[in-house]
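*Asks:* The structure is given below, and queries will be raised subsequently.
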Amino acid sequence: MKDFVAIDFETANGKRSSICSVGAVIVKNGEIVDSFYSLVKPTPNYYAWFCQEVHGLDYCDTDDADFFPEVWSRLQEKVHAYFPFIEDGEVPFVAHNARFDEGCLRAAFATFELALPNYEFMDTLAASRNYFGSALLNHQLHTVAAACGYDLQNHHHALADAEACAWIAREIV
């Protein structure tokens with residue numbers, strides 16, 4: 001893959017619509033050209049302890065953050081700066097365990113009653129299972145990143161995870 005956006009969402013609770021941060025890495029012609037990170041005021045706006053344990057975010061971090069539509073608009077502007085002649089949904093998204101991230105995106109669009117473009121998601125988790133098979137102990141993001149020569153620091157920070165995903169996609173997808 002040469003052109004894609006690696007994306008990662010963190011959620012505040014068990015609801016997929018409760019996006020509290022998003023990280024994205026724009027890859028053009030096989031090179032990382034830009035990145036995007038934003039906190040998001042979650043919907044519904046409450047934090048489950050198990051989510052806080054994973055990513056460390058809470059009310060204090062997102063109380064003044066924008067809601068999803070404003071954040072998504074800023075991300076799309078950044079993507080369109082690198083791919084000006086394409087419509088939303090024409091540059092594929094890449095995520096590790098894409099079912100989760102695609103589910104978050106769909107839930108947020110539904111919550112805010114936005115028309116969802118036909119986004120294509122590629123999954124580095126599935127790619128890892130196909131590429132490495134049983135050669136890896138597991139196919140968690142940090143394990144696959146290491147196998148691809150990337151040292152993932154700050155795991156479960158949305159931008160750090162998106163960077164690792166971009167690296168993996170450039171290596172094995």
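Ligands are numbered from 1 in the order shown, chains are lettered A, B, ... in the order of the structure tokens, and residues start at 1 in each chain.
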Write out as a PDB file with all heavy atoms, in the first residue's frame each polymer residue whose atoms come within 10 Å of Asp66 in chain A, counting only C-alpha atoms; drop sequence neighbours fewer than 4 positions from it.
*Replies:*
```pdb
ATOM      1  N   CYS A  20     -12.710   9.241  22.790  1.00  0.00           N
ATOM      2  CA  CYS A  20     -12.138  10.316  23.613  1.00  0.00           C
ATOM      3  C   CYS A  20     -10.813  10.816  23.052  1.00  0.00           C
ATOM      4  O   CYS A  20     -10.327  11.868  23.472  1.00  0.00           O
ATOM      5  CB  CYS A  20     -12.001   9.888  25.070  1.00  0.00           C
ATOM      6  SG  CYS A  20     -10.949   8.458  25.345  1.00  0.00           S
ATOM      7  N   SER A  38      -5.989  14.412  18.384  1.00  0.00           N
ATOM      8  CA  SER A  38      -6.901  15.288  19.093  1.00  0.00           C
ATOM      9  C   SER A  38      -7.618  14.518  20.187  1.00  0.00           C
ATOM     10  O   SER A  38      -7.981  13.349  20.012  1.00  0.00           O
ATOM     11  CB  SER A  38      -7.939  15.877  18.139  1.00  0.00           C
ATOM     12  OG  SER A  38      -8.782  16.777  18.828  1.00  0.00           O
ATOM     13  N   LEU A  39      -7.837  15.207  21.286  1.00  0.00           N
ATOM     14  CA  LEU A  39      -8.766  14.717  22.290  1.00  0.00           C
ATOM     15  C   LEU A  39     -10.168  15.012  21.781  1.00  0.00           C
ATOM     16  O   LEU A  39     -10.369  15.934  20.985  1.00  0.00           O
ATOM     17  CB  LEU A  39      -8.519  15.410  23.626  1.00  0.00           C
ATOM     18  CG  LEU A  39      -7.166  15.111  24.275  1.00  0.00           C
ATOM     19  CD1 LEU A  39      -6.920  16.041  25.444  1.00  0.00           C
ATOM     20  CD2 LEU A  39      -7.095  13.652  24.708  1.00  0.00           C
ATOM     21  N   VAL A  40     -11.135  14.231  22.228  1.00  0.00           N
ATOM     22  CA  VAL A  40     -12.521  14.363  21.794  1.00  0.00           C
ATOM     23  C   VAL A  40     -13.407  14.272  23.031  1.00  0.00           C
ATOM     24  O   VAL A  40     -13.185  13.407  23.884  1.00  0.00           O
ATOM     25  CB  VAL A  40     -12.904  13.234  20.807  1.00  0.00           C
ATOM     26  CG1 VAL A  40     -14.338  13.391  20.324  1.00  0.00           C
ATOM     27  CG2 VAL A  40     -11.935  13.169  19.629  1.00  0.00           C
ATOM     28  N   LYS A  41     -14.406  15.130  23.115  1.00  0.00           N
ATOM     29  CA  LYS A  41     -15.370  15.002  24.211  1.00  0.00           C
ATOM     30  C   LYS A  41     -16.233  13.787  23.891  1.00  0.00           C
ATOM     31  O   LYS A  41     -16.932  13.763  22.872  1.00  0.00           O
ATOM     32  CB  LYS A  41     -16.234  16.245  24.351  1.00  0.00           C
ATOM     33  CG  LYS A  41     -17.178  16.153  25.554  1.00  0.00           C
ATOM     34  CD  LYS A  41     -17.905  17.446  25.801  1.00  0.00           C
ATOM     35  CE  LYS A  41     -16.979  18.332  26.591  1.00  0.00           C
ATOM     36  NZ  LYS A  41     -17.633  19.512  27.157  1.00  0.00           N
ATOM     37  N   PRO A  42     -16.198  12.752  24.719  1.00  0.00           N
ATOM     38  CA  PRO A  42     -16.897  11.507  24.386  1.00  0.00           C
ATOM     39  C   PRO A  42     -18.419  11.626  24.461  1.00  0.00           C
ATOM     40  O   PRO A  42     -18.951  12.446  25.196  1.00  0.00           O
ATOM     41  CB  PRO A  42     -16.377  10.512  25.424  1.00  0.00           C
ATOM     42  CG  PRO A  42     -15.848  11.329  26.539  1.00  0.00           C
ATOM     43  CD  PRO A  42     -15.453  12.655  25.976  1.00  0.00           C
ATOM     44  N   THR A  62     -10.646  15.754  28.671  1.00  0.00           N
ATOM     45  CA  THR A  62     -11.544  15.989  27.531  1.00  0.00           C
ATOM     46  C   THR A  62     -12.683  16.956  27.807  1.00  0.00           C
ATOM     47  O   THR A  62     -13.501  17.210  26.915  1.00  0.00           O
ATOM     48  CB  THR A  62     -12.136  14.651  27.043  1.00  0.00           C
ATOM     49  OG1 THR A  62     -12.851  14.037  28.120  1.00  0.00           O
ATOM     50  CG2 THR A  62     -11.050  13.719  26.535  1.00  0.00           C
ATOM     51  N   GLU A  70     -16.555  18.109  14.955  1.00  0.00           N
ATOM     52  CA  GLU A  70     -15.556  19.158  14.759  1.00  0.00           C
ATOM     53  C   GLU A  70     -14.154  18.555  14.589  1.00  0.00           C
ATOM     54  O   GLU A  70     -13.376  18.989  13.732  1.00  0.00           O
ATOM     55  CB  GLU A  70     -15.564  20.141  15.935  1.00  0.00           C
ATOM     56  CG  GLU A  70     -16.822  20.983  16.028  1.00  0.00           C
ATOM     57  CD  GLU A  70     -18.001  20.262  16.665  1.00  0.00           C
ATOM     58  OE1 GLU A  70     -17.802  19.232  17.361  1.00  0.00           O
ATOM     59  OE2 GLU A  70     -19.135  20.729  16.463  1.00  0.00           O
ATOM     60  N   VAL A  71     -13.849  17.562  15.399  1.00  0.00           N
ATOM     61  CA  VAL A  71     -12.533  16.913  15.311  1.00  0.00           C
ATOM     62  C   VAL A  71     -12.406  16.191  13.976  1.00  0.00           C
ATOM     63  O   VAL A  71     -11.378  16.300  13.296  1.00  0.00           O
ATOM     64  CB  VAL A  71     -12.315  15.952  16.498  1.00  0.00           C
ATOM     65  CG1 VAL A  71     -11.044  15.132  16.316  1.00  0.00           C
ATOM     66  CG2 VAL A  71     -12.292  16.730  17.812  1.00  0.00           C
ATOM     67  N   TRP A  72     -13.443  15.478  13.574  1.00  0.00           N
ATOM     68  CA  TRP A  72     -13.401  14.734  12.314  1.00  0.00           C
ATOM     69  C   TRP A  72     -13.229  15.685  11.128  1.00  0.00           C
ATOM     70  O   TRP A  72     -12.489  15.394  10.187  1.00  0.00           O
ATOM     71  CB  TRP A  72     -14.649  13.875  12.147  1.00  0.00           C
ATOM     72  CG  TRP A  72     -14.503  12.909  11.031  1.00  0.00           C
ATOM     73  CD1 TRP A  72     -15.118  12.943   9.814  1.00  0.00           C
ATOM     74  CD2 TRP A  72     -13.650  11.759  11.012  1.00  0.00           C
ATOM     75  NE1 TRP A  72     -14.697  11.893   9.037  1.00  0.00           N
ATOM     76  CE2 TRP A  72     -13.802  11.151   9.754  1.00  0.00           C
ATOM     77  CE3 TRP A  72     -12.781  11.195  11.933  1.00  0.00           C
ATOM     78  CZ2 TRP A  72     -13.106   9.998   9.392  1.00  0.00           C
ATOM     79  CZ3 TRP A  72     -12.080  10.047  11.578  1.00  0.00           C
ATOM     80  CH2 TRP A  72     -12.258   9.463  10.323  1.00  0.00           C
TER      81      TRP A  72
END
```
*Asks:* Give me every alpha helix (DSSP H) residue in range 15-152 of chain A, going by DSSP on the backbone, as a PyMOL selection string.
*Replies:* chain A and resi 49-55+59-62+68-82+98-111+124-132+141-147
*Asks:* What is the CA of Tyr59 in chain A to CA of Ala160 in chain A distance in Å?
*Replies:*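 So the answer is 21.0 Å.
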*Asks:* Go through A:Glu53, A:Asp123, A:Asp151, A:Asp34 one by one, measure the shortest atom-to-atom distance of each to Asn97 in chain A using only C-alpha atoms, and give the residue with the smallest value.
*Replies:*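 Closest candidate: A:Asp123.
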*Asks:* From the list A:Val27, A:Val54, A:Asp3, A:Ala110, which residue is nearest Ala158 in chain A when using only C-alpha atoms?
*Replies:*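 With only C-alpha atoms as the atom set, the closest residue is A:Val54.
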*Asks:* For Asn118 in chain A, list every protein, DNA or RNA residue within 9 Å, evaluated using only C-alpha atoms, and leave out those in the same chain fewer than 6 positions away; present the list as a PyMOL selection string.
*Replies:* chain A and resi 88-90
*Asks:* Hey, which of A:Tyr37, A:Gly56, A:Tyr46, A:Gly30 ends up closest to Asn13 in chain A? Count only C-alpha atoms.
*Replies:*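 The answer is A:Tyr46, which sits nearest to Asn13 in chain A.
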*Asks:* If we count only C-alpha atoms and set the cut-off at 12 Å, which residues sit around Arg129 in chain A, ignoring sequence neighbours fewer than 3 positions away in its own chain? Please answer as an MDAnalysis selection string.
*Replies:* chainID A and resid 96:97 123:126 132:141 143:144 172:173
*Asks:* I'd like the neighbourhood of Ala162 in chain A as a ChimeraX atom specification, where a residue qualifies if any of its atoms comes within 9 Å (using only C-alpha atoms), though same-chain residues fewer than 3 positions away should be ignored.
*Replies:* /A:5-9,22-25,35,94-96,157-159,165-167
*Asks:* Write the selection just made, keeping N, CA, C and O atoms, as an mmCIF file, in the first residue's frame?
*Replies:*
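So the final result, stored in again_33.cif, reads:
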```
data_model
loop_
_atom_site.group_PDB
_atom_site.id
_atom_site.type_symbol
_atom_site.label_atom_id
_atom_site.label_comp_id
_atom_site.auth_asym_id
_atom_site.auth_seq_id
_atom_site.Cartn_x
_atom_site.Cartn_y
_atom_site.Cartn_z
ATOM 1 N N VAL A 5 -4.408 6.173 5.364
ATOM 2 C CA VAL A 5 -4.395 6.866 6.648
ATOM 3 C C VAL A 5 -4.487 5.798 7.732
ATOM 4 O O VAL A 5 -5.475 5.057 7.793
ATOM 5 N N ALA A 6 -3.457 5.690 8.543
ATOM 6 C CA ALA A 6 -3.504 4.793 9.701
ATOM 7 C C ALA A 6 -4.234 5.539 10.810
ATOM 8 O O ALA A 6 -3.954 6.712 11.063
ATOM 9 N N ILE A 7 -5.176 4.862 11.454
ATOM 10 C CA ILE A 7 -6.025 5.543 12.422
ATOM 11 C C ILE A 7 -6.210 4.694 13.673
ATOM 12 O O ILE A 7 -6.213 3.459 13.596
ATOM 13 N N ASP A 8 -6.349 5.379 14.793
ATOM 14 C CA ASP A 8 -6.611 4.692 16.051
ATOM 15 C C ASP A 8 -7.522 5.559 16.907
ATOM 16 O O ASP A 8 -7.332 6.773 16.993
ATOM 17 N N PHE A 9 -8.521 4.915 17.499
ATOM 18 C CA PHE A 9 -9.424 5.587 18.424
ATOM 19 C C PHE A 9 -9.252 4.990 19.808
ATOM 20 O O PHE A 9 -9.046 3.791 19.948
ATOM 21 N N VAL A 22 -8.330 10.553 19.123
ATOM 22 C CA VAL A 22 -8.076 9.974 17.803
ATOM 23 C C VAL A 22 -6.666 10.352 17.378
ATOM 24 O O VAL A 22 -6.210 11.474 17.605
ATOM 25 N N GLY A 23 -5.991 9.378 16.808
ATOM 26 C CA GLY A 23 -4.678 9.611 16.218
ATOM 27 C C GLY A 23 -4.705 9.110 14.791
ATOM 28 O O GLY A 23 -5.322 8.078 14.506
ATOM 29 N N ALA A 24 -4.074 9.825 13.895
ATOM 30 C CA ALA A 24 -4.028 9.422 12.493
ATOM 31 C C ALA A 24 -2.664 9.770 11.908
ATOM 32 O O ALA A 24 -2.069 10.788 12.272
ATOM 33 N N VAL A 25 -2.202 8.909 11.015
ATOM 34 C CA VAL A 25 -0.942 9.117 10.322
ATOM 35 C C VAL A 25 -1.227 9.005 8.834
ATOM 36 O O VAL A 25 -1.788 8.016 8.376
ATOM 37 N N SER A 35 0.747 13.839 10.518
ATOM 38 C CA SER A 35 -0.006 13.140 11.555
ATOM 39 C C SER A 35 -1.015 14.088 12.174
ATOM 40 O O SER A 35 -0.931 15.313 11.991
ATOM 41 N N VAL A 94 -6.299 2.337 7.660
ATOM 42 C CA VAL A 94 -5.636 1.141 8.151
ATOM 43 C C VAL A 94 -5.678 1.211 9.673
ATOM 44 O O VAL A 94 -5.394 2.258 10.261
ATOM 45 N N ALA A 95 -6.048 0.110 10.301
ATOM 46 C CA ALA A 95 -6.117 0.059 11.758
ATOM 47 C C ALA A 95 -5.731 -1.340 12.221
ATOM 48 O O ALA A 95 -5.871 -2.313 11.472
ATOM 49 N N HIS A 96 -5.247 -1.430 13.436
ATOM 50 C CA HIS A 96 -4.940 -2.727 14.023
ATOM 51 C C HIS A 96 -6.184 -3.184 14.777
ATOM 52 O O HIS A 96 -6.619 -2.505 15.709
ATOM 53 N N HIS A 157 -1.783 5.332 23.459
ATOM 54 C CA HIS A 157 -1.961 6.733 23.082
ATOM 55 C C HIS A 157 -2.344 6.650 21.604
ATOM 56 O O HIS A 157 -1.650 5.999 20.812
ATOM 57 N N ALA A 158 -3.450 7.290 21.223
ATOM 58 C CA ALA A 158 -3.996 7.096 19.876
ATOM 59 C C ALA A 158 -2.980 7.409 18.778
ATOM 60 O O ALA A 158 -2.899 6.672 17.784
ATOM 61 N N LEU A 159 -2.188 8.454 18.931
ATOM 62 C CA LEU A 159 -1.219 8.771 17.874
ATOM 63 C C LEU A 159 -0.081 7.760 17.846
ATOM 64 O O LEU A 159 0.343 7.331 16.769
ATOM 65 N N CYS A 165 0.852 1.397 13.631
ATOM 66 C CA CYS A 165 0.024 0.773 12.600
ATOM 67 C C CYS A 165 0.504 1.168 11.200
ATOM 68 O O CYS A 165 0.569 0.329 10.296
ATOM 69 N N ALA A 166 0.846 2.429 11.023
ATOM 70 C CA ALA A 166 1.361 2.882 9.724
ATOM 71 C C ALA A 166 2.648 2.144 9.372
ATOM 72 O O ALA A 166 2.839 1.714 8.226
ATOM 73 N N TRP A 167 3.518 1.998 10.342
ATOM 74 C CA TRP A 167 4.779 1.292 10.123
ATOM 75 C C TRP A 167 4.503 -0.162 9.700
ATOM 76 O O TRP A 167 5.082 -0.653 8.746
#
```
*Asks:* Give me, please, the distance in Å between CA of Arg16 in chain A and CA of Pro69 in chain A, quoted to one decimal.
*Replies:*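 CA of Pro69 in chain A lies at a distance of 15.0 Å from CA of Arg16 in chain A.
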*Asks:* Which of chain A counts as strand (DSSP E or B) under DSSP, as a PyMOL selection string please?
*Replies:* chain A and resi 4-11+19-28+31-39+93-95+121-123
*Asks:* Quick one: pull the distance between CA of Cys60 in chain A and CA of Lys78 in chain A, Å, one decimal.
*Replies:*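 Going from CA of Cys60 in chain A over to CA of Lys78 in chain A covers 26.6 Å.
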*Asks:* Using only C-alpha atoms for the distances, tell me which of A:His80, A:Arg106, A:His156, A:Arg170 is nearest to Leu57 in chain A.
*Replies:*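 That would be A:His156, the residue with the smallest distance to Leu57 in chain A.
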*Asks:* So which one's closest to Ala145 in chain A, A:Glu113, A:Phe100, A:Ile168, A:Pro84? Using only C-alpha atoms, please.
*Replies:* A:Ile168
*Asks:* Measuring between only C-alpha atoms, which one of A:Tyr47, A:Val91, A:Ala169, A:Phe36 shows the shortest distance to Arg74 in chain A?
*Replies:*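 For Arg74 in chain A, the nearest of the given residues is A:Phe36.
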